[in-house]
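What follows is a short report on a single structure.
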Amino acid sequence: MSQQTSKIEELRELDKKHYLHPTSPIGAQQEHGPAFIFTKGEGIYLTDMSDQKVIDGMSSLWNVNIGHGRSEISEVASKQMSTLAFSSSFATFSNEPAIRLSAKLAEIAPGDLTATFFTSGGSESNDTAYKLARHYWILKGEPKRKKIISRTHSYHGVAMGATSATGIQAFRDFTNSLAPDFHYADHMSSEALRQVIESEGPETIAAFISEPVQGAGGLHIATKEYFKAVREICDEYGILFITDEVITGFGRTGTYFGMDHYDVAPDMMCFAKGVTSGYAQLGGVMISSRMHEDFTKLSTGTLLHGYTYSGHPVACAVALRNLEIIERENLIANSSQMGVEMLNGFKNLQDTFESIGDVRALGLMGAIEFMKDKEKGDRFPQPLAPMVVTEAAKRGLILRSVVFNGQDTLVFSPPLIITKEQINDMISILHEAIKAVETSIIQ
Ligand code: PMP
């Protein structure tokens with residue numbers, strides 16, 4: 001056995017014994033060990049310990065927007081770490097990267113979102129948003145407003161509030177006690193939102209939260225009318241509208257933020273992932289200037305909410321350079337253009353393969369949905385998407401499948417630096433992978 005092979009074996013055994021993986025099939029992990037132990041990332045590619053190079057078709061977790069292996073970012077991080085690795089942002093302490101990043105975010109965010117509360121990721125951002133919204137209503141003299149409404153098929157993370165807001169039932173069923181005061185409205189109907197508001201009592205609702213494009217729940221793109229109506233309904237009942245841009249922010253959908261497609265301004269916005277492209281852990285919640293003024297005017301005590309790593313100087317310095325790269329390299333325009341190429345590729349596959357029922361994309365966030373009968377929307381007895389994921393990985397493309405709620409969908413979210421040639425490579429691999437699966441089920 002070569003030295004490298006025995007090192008891989010050693011790591012596989014240690015992984016099985018000691019590493020409890022997030023969102024993972026624990027049985028398969030115990031039986032087979034890790035499928036890939038990655039050692040290197042470069043552009044849209046990841047390489048593992050056995051030198052297998054694969055296309056990162058999901059930007060890992062929808063987050064590595066500028067692609068892997070940017071030495072420019074590691075230089076910024078290293079410089080910041082050696083000058084000021086950490087200092088507190090509690091009370092009146094501050095640091096330059098966090099200040100500059102909050103100002104930059106105010107410049108690019110939709111509507112009049114002008115102030116940012118920093119966190120370390122998406123789940124913390126969601127829990128922060130619910131707490132800030134509720135605190136806002138306490139200050140406004142309407143303490144009964146505490147309920148949060150979210151949408152079916154939504155994903156908002158795994159902290160207690162975020163899990164409770166998540167519309168995908170399976171995530172809520174993972175635990176047997178959730179946070180109170182969360183309610184769900186059908187994800188495609190603004191009238192369903194109105195009905196939930198009416199039945200719960202408008203004077204008890206603090207906020208409505210929605211992803212601009214639902215990601216983990218199966219890539220559902222709402223109509224223009226949906227969000228216009230949602231904004232009107234929230235205004236009518238005096239409810240805060242929170243957008244969860246954790247996936248859709250920072251160019252993913254071909255605009256800076258997902259909500260930019262809808263010309264609708266939220267009162268609050270959660271972000272994470274693409275703000276640093278995964279080079280450091282950072283998230284946040286932005287609030288409107290109106291809310292910021294109200295907090296300032298009405299608050300008499302301390303804003304009693306804060307994470308040790310809120311406004312982490314290294315993470316904020318990394319984010320600033322990441323945003324500079326996104327703008328300098330025109331990655332938002334590339335996301336929009338390559339998104340069209342990707343969707344065209346999907347449409348060609350749909351023309352070729354019987355099993356593809358629907359294809360959709362907004363920028364570089366896309367999906368292929370399998371159906372046994374397109375007219376009736378019937379599914380295959382055994383979902384195809386997970387099998388295609390396996391076949392694609394064998395051929396050098398990493399993807400993800402969504403099978404919640406009887407769905408059978410492949411989701412895509414490649415780095416925003418992807419070229420037309422690389423899109424074609426991705427489509428060719430998919431073609432072979434779907435062909436292999438169709439052949440195996442017809443036999
Ligand atoms: N909101 C959305 C829309 C997400 O997709 C995710 C993560 N996939 C989260 C929140 C949670 O973010 P994190 O995993 O960074 O806590």
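Residues are named by chain letter and number: chains run A, B, ... in the order of the structure tokens, numbers start at 1 in each chain, and ligands are numbered from 1 in the order shown.
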Practice prompt. Could you pull out the residues sitting within 9 Å of ligand 1, using only C-alpha atoms and all ligand atoms, and write them as a VMD selection string?
Written response: chain A and resid 61 to 63 120 to 126 154 to 159 162 166 210 to 217 244 to 248 270 to 273 281 to 283
Worksheet entry | Which of segment 160-297 of chain A fall in strand (DSSP E or B), as an NGL selection string | :A and (182-185 or 205-210 or 213-214 or 220-221 or 240-244 or 268-271 or 283-288)
Worksheet entry | Distance criterion (only C-alpha atoms): nearest to Gly251 of chain A out of A:Asp235, A:Glu329, A:Glu31, A:Glu10 |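 Between A:Asp235, A:Glu329, A:Glu31, A:Glu10, the residue approaching Gly251 of chain A most closely is A:Glu329.
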Discussion item. Counting only C-alpha atoms, which residue out of A:Gly69, A:Pro266, A:Pro110, A:Gly274 sits closest to Ile326 of chain A?
Written reply: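 Checking each candidate against Ile326 of chain A, we get A:Gly274 as the closest.
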Practice prompt. Please identify all polymer residues within 7 Å of segment 77-81 of chain A, counting only C-alpha atoms, omitting same-chain residues fewer than 4 positions from it, and present them as a PyMOL selection string.
Written response: chain A and resi 73+85+314+317-318
Dump of C-alpha atoms for the selected residues, as a PDB file, in the first residue's frame:
```
ATOM      1  CA  ILE A  73      -8.294  36.684  -0.131  1.00  0.00           C
ATOM      2  CA  ALA A  85      -7.202  39.208  14.603  1.00  0.00           C
ATOM      3  CA  VAL A 314     -10.964  39.078   9.700  1.00  0.00           C
ATOM      4  CA  ALA A 317     -11.994  42.221   5.773  1.00  0.00           C
ATOM      5  CA  VAL A 318     -12.458  39.046   3.724  1.00  0.00           C
TER       6      VAL A 318
END
```
Worksheet item: Which one is closest to Ser150 of chain A: A:Ser82, A:Ser190, A:Asn176, A:Asn334? Count only C-alpha atoms.
Response: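 For Ser150 of chain A, the nearest of the given residues is A:Ser190.
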Worksheet entry | Closest of A:Ile8, A:Val411, A:Ala393, A:Val54 to Gly33 of chain A - atom-to-atom distances counting only C-alpha atoms |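 Once distances to Gly33 of chain A are computed over only C-alpha atoms, the minimum belongs to A:Ile8.
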Quick one: residues within 12 Å of Asn95 of chain A, only C-alpha atoms, excluding same-chain residues fewer than 2 positions away - as a PDB file with C-alpha atoms, in the first residue's frame?
```pdb
ATOM      1  CA  GLN A  80      -5.815  41.386   9.085  1.00  0.00           C
ATOM      2  CA  THR A  83      -2.599  43.324  12.712  1.00  0.00           C
ATOM      3  CA  LEU A  84      -5.896  42.791  14.559  1.00  0.00           C
ATOM      4  CA  ALA A  85      -7.202  39.208  14.603  1.00  0.00           C
ATOM      5  CA  PHE A  86     -10.056  39.997  16.928  1.00  0.00           C
ATOM      6  CA  SER A  87     -11.596  42.653  19.098  1.00  0.00           C
ATOM      7  CA  SER A  88     -15.075  43.001  20.563  1.00  0.00           C
ATOM      8  CA  SER A  89     -17.928  44.830  18.830  1.00  0.00           C
ATOM      9  CA  PHE A  90     -20.090  44.852  21.952  1.00  0.00           C
ATOM     10  CA  THR A  92     -19.206  50.976  21.831  1.00  0.00           C
ATOM     11  CA  PHE A  93     -16.187  48.997  20.577  1.00  0.00           C
ATOM     12  CA  PRO A  97     -13.354  46.329   8.479  1.00  0.00           C
ATOM     13  CA  ALA A  98     -16.777  45.961  10.182  1.00  0.00           C
ATOM     14  CA  ILE A  99     -17.514  49.693   9.800  1.00  0.00           C
ATOM     15  CA  ARG A 100     -16.482  49.735   6.127  1.00  0.00           C
ATOM     16  CA  LEU A 101     -18.413  46.555   5.369  1.00  0.00           C
ATOM     17  CA  SER A 102     -21.619  47.889   6.963  1.00  0.00           C
ATOM     18  CA  SER A 310     -20.427  39.745  15.539  1.00  0.00           C
ATOM     19  CA  GLY A 311     -18.325  42.069  13.378  1.00  0.00           C
ATOM     20  CA  HIS A 312     -15.270  39.789  13.333  1.00  0.00           C
ATOM     21  CA  PRO A 313     -12.488  41.905  11.773  1.00  0.00           C
ATOM     22  CA  VAL A 314     -10.964  39.078   9.700  1.00  0.00           C
ATOM     23  CA  ALA A 315     -14.333  37.917   8.348  1.00  0.00           C
ATOM     24  CA  CYS A 316     -15.319  41.509   7.515  1.00  0.00           C
ATOM     25  CA  ALA A 317     -11.994  42.221   5.773  1.00  0.00           C
TER      26      ALA A 317
END
```
Fill in: Residues within 9 Å of Leu178 of chain A, only C-alpha atoms, excluding chain neighbours under 6 positions, as a count of residues only
5
Discussion item. Please report the interatomic distance between atom CA of Asp173 of chain A and atom CA of Ile209 of chain A in Å with one decimal.
Written reply: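 Taking atom CA of Asp173 of chain A and atom CA of Ile209 of chain A, their separation equals 20.3 Å.
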Worksheet entry | Atom pair atom CA of Leu362 of chain A / atom CA of Gln337 of chain A: separation (Å) | 10.3 Å
Worksheet item: Counting only C-alpha atoms, which of A:Val264, A:Ala115, A:Met188, A:Ala103 gets nearest to Thr296 of chain A?
Response: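 Result for the nearest residue to Thr296 of chain A: A:Ala115.
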So that each row is one residue of segment 281-363 of chain A with an atom at most 12 Å from segment 425-436 of chain A, can you give its shortest atom pair and the distance in Å to one decimal, using only C-alpha atoms, rows by chain and rising number, as a Markdown table?
```
| residue | atom | partner | partner_atom | distance |
| --- | --- | --- | --- | --- |
| A:Glu341 | CA | A:Ile427 | CA | 10.0 |
| A:Met342 | CA | A:Ile427 | CA | 7.8 |
| A:Leu343 | CA | A:Ile427 | CA | 10.0 |
| A:Asn344 | CA | A:Ile427 | CA | 9.8 |
| A:Gly345 | CA | A:Ile427 | CA | 6.1 |
| A:Phe346 | CA | A:Ile427 | CA | 7.4 |
| A:Lys347 | CA | A:Ile427 | CA | 10.4 |
| A:Asn348 | CA | A:Ile427 | CA | 9.2 |
| A:Leu349 | CA | A:His431 | CA | 6.7 |
| A:Gln350 | CA | A:His431 | CA | 10.0 |
| A:Asp351 | CA | A:His431 | CA | 11.3 |
| A:Thr352 | CA | A:His431 | CA | 8.8 |
| A:Phe353 | CA | A:Lys435 | CA | 7.8 |
| A:Glu354 | CA | A:Ile434 | CA | 10.2 |
| A:Ser355 | CA | A:Ile434 | CA | 8.7 |
| A:Ile356 | CA | A:Ile434 | CA | 9.3 |
```
Please save N, CA and C atoms of the selected residues as an mmCIF file, in the first residue's frame.
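Produced file part-v4.cif, reproduced below:
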```cif
data_model
loop_
_atom_site.group_PDB
_atom_site.id
_atom_site.type_symbol
_atom_site.label_atom_id
_atom_site.label_comp_id
_atom_site.auth_asym_id
_atom_site.auth_seq_id
_atom_site.Cartn_x
_atom_site.Cartn_y
_atom_site.Cartn_z
ATOM 1 N N GLU A 341 -27.122 30.412 -20.332
ATOM 2 C CA GLU A 341 -26.470 29.262 -20.983
ATOM 3 C C GLU A 341 -26.832 27.958 -20.269
ATOM 4 N N MET A 342 -26.792 28.022 -18.928
ATOM 5 C CA MET A 342 -27.098 26.823 -18.142
ATOM 6 C C MET A 342 -28.532 26.364 -18.413
ATOM 7 N N LEU A 343 -29.455 27.329 -18.411
ATOM 8 C CA LEU A 343 -30.863 26.988 -18.639
ATOM 9 C C LEU A 343 -31.061 26.423 -20.052
ATOM 10 N N ASN A 344 -30.353 26.999 -21.037
ATOM 11 C CA ASN A 344 -30.448 26.450 -22.397
ATOM 12 C C ASN A 344 -29.959 25.006 -22.430
ATOM 13 N N GLY A 345 -28.872 24.755 -21.694
ATOM 14 C CA GLY A 345 -28.357 23.381 -21.597
ATOM 15 C C GLY A 345 -29.399 22.449 -20.981
ATOM 16 N N PHE A 346 -30.065 22.932 -19.936
ATOM 17 C CA PHE A 346 -31.110 22.123 -19.290
ATOM 18 C C PHE A 346 -32.249 21.820 -20.279
ATOM 19 N N LYS A 347 -32.588 22.860 -21.074
ATOM 20 C CA LYS A 347 -33.703 22.676 -22.031
ATOM 21 C C LYS A 347 -33.335 21.632 -23.082
ATOM 22 N N ASN A 348 -32.062 21.648 -23.518
ATOM 23 C CA ASN A 348 -31.624 20.621 -24.473
ATOM 24 C C ASN A 348 -31.725 19.236 -23.852
ATOM 25 N N LEU A 349 -31.353 19.138 -22.578
ATOM 26 C CA LEU A 349 -31.458 17.832 -21.901
ATOM 27 C C LEU A 349 -32.925 17.412 -21.809
ATOM 28 N N GLN A 350 -33.785 18.394 -21.544
ATOM 29 C CA GLN A 350 -35.220 18.086 -21.436
ATOM 30 C C GLN A 350 -35.765 17.565 -22.769
ATOM 31 N N ASP A 351 -35.257 18.137 -23.880
ATOM 32 C CA ASP A 351 -35.687 17.651 -25.198
ATOM 33 C C ASP A 351 -35.184 16.232 -25.456
ATOM 34 N N THR A 352 -34.057 15.875 -24.826
ATOM 35 C CA THR A 352 -33.445 14.569 -25.072
ATOM 36 C C THR A 352 -34.030 13.473 -24.171
ATOM 37 N N PHE A 353 -34.291 13.830 -22.917
ATOM 38 C CA PHE A 353 -34.660 12.785 -21.947
ATOM 39 C C PHE A 353 -36.129 12.864 -21.523
ATOM 40 N N GLU A 354 -36.802 11.748 -21.698
ATOM 41 C CA GLU A 354 -38.214 11.589 -21.317
ATOM 42 C C GLU A 354 -38.482 11.921 -19.857
ATOM 43 N N SER A 355 -37.474 11.589 -19.017
ATOM 44 C CA SER A 355 -37.712 11.650 -17.573
ATOM 45 C C SER A 355 -37.702 13.069 -17.005
ATOM 46 N N ILE A 356 -37.268 14.053 -17.815
ATOM 47 C CA ILE A 356 -37.203 15.423 -17.280
ATOM 48 C C ILE A 356 -38.542 16.125 -17.484
#
```
Worksheet entry | All alpha helix (DSSP H) residues (DSSP, backbone) inside segment 169-396 of chain A, as a PyMOL selection string | chain A and resi 169-173+190-200+224-237+289-298+313-328+331-352+385-394
Worksheet item: For Thr276 of chain A, which residue among A:Ser74, A:Thr390, A:Thr302, A:Gln422 is the nearest when counting only C-alpha atoms?
Response: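 Comparing A:Ser74, A:Thr390, A:Thr302, A:Gln422 against Thr276 of chain A, the winner is A:Ser74.
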Response to the item:
atom CA of Glu142 of chain A sits from atom CA of Gly306 of chain A at a separation of 23.4 Å
Could you list, with a cut-off of 10 Å and counting only C-alpha atoms, the residues of segment 295-412 of chain A near segment 128-135 of chain A, each shown with its nearest atom pair and the distance in Å rounded to one decimal, rows sorted by chain and ascending number, as a Markdown table?
```
| residue | atom | partner | partner_atom | distance |
| --- | --- | --- | --- | --- |
| A:Phe295 | CA | A:His135 | CA | 9.0 |
| A:Ser299 | CA | A:His135 | CA | 9.6 |
| A:Leu303 | CA | A:His135 | CA | 8.9 |
| A:Leu304 | CA | A:His135 | CA | 9.7 |
| A:His305 | CA | A:Thr128 | CA | 7.8 |
| A:Gly306 | CA | A:Thr128 | CA | 8.7 |
| A:Tyr307 | CA | A:Thr128 | CA | 9.9 |
```
May I have the residues from that selection written out with N, CA and C atoms, as a PDB file, in the first residue's frame?
```
ATOM      1  N   PHE A 295     -35.417  52.297  16.495  1.00  0.00           N
ATOM      2  CA  PHE A 295     -34.604  51.682  17.560  1.00  0.00           C
ATOM      3  C   PHE A 295     -33.876  52.777  18.349  1.00  0.00           C
ATOM      4  N   SER A 299     -35.415  53.090  22.095  1.00  0.00           N
ATOM      5  CA  SER A 299     -34.697  52.213  23.014  1.00  0.00           C
ATOM      6  C   SER A 299     -34.133  53.012  24.188  1.00  0.00           C
ATOM      7  N   LEU A 303     -29.303  47.025  23.644  1.00  0.00           N
ATOM      8  CA  LEU A 303     -29.754  46.051  22.658  1.00  0.00           C
ATOM      9  C   LEU A 303     -29.127  44.714  23.085  1.00  0.00           C
ATOM     10  N   LEU A 304     -29.936  43.926  23.810  1.00  0.00           N
ATOM     11  CA  LEU A 304     -29.367  42.726  24.451  1.00  0.00           C
ATOM     12  C   LEU A 304     -29.334  41.526  23.512  1.00  0.00           C
ATOM     13  N   HIS A 305     -28.581  41.664  22.467  1.00  0.00           N
ATOM     14  CA  HIS A 305     -28.421  40.562  21.514  1.00  0.00           C
ATOM     15  C   HIS A 305     -27.059  40.751  20.849  1.00  0.00           C
ATOM     16  N   GLY A 306     -26.203  39.742  20.918  1.00  0.00           N
ATOM     17  CA  GLY A 306     -24.887  39.902  20.303  1.00  0.00           C
ATOM     18  C   GLY A 306     -24.104  38.612  20.395  1.00  0.00           C
ATOM     19  N   TYR A 307     -23.387  38.286  19.329  1.00  0.00           N
ATOM     20  CA  TYR A 307     -22.533  37.095  19.327  1.00  0.00           C
ATOM     21  C   TYR A 307     -21.087  37.528  19.546  1.00  0.00           C
TER      22      TYR A 307
END
```
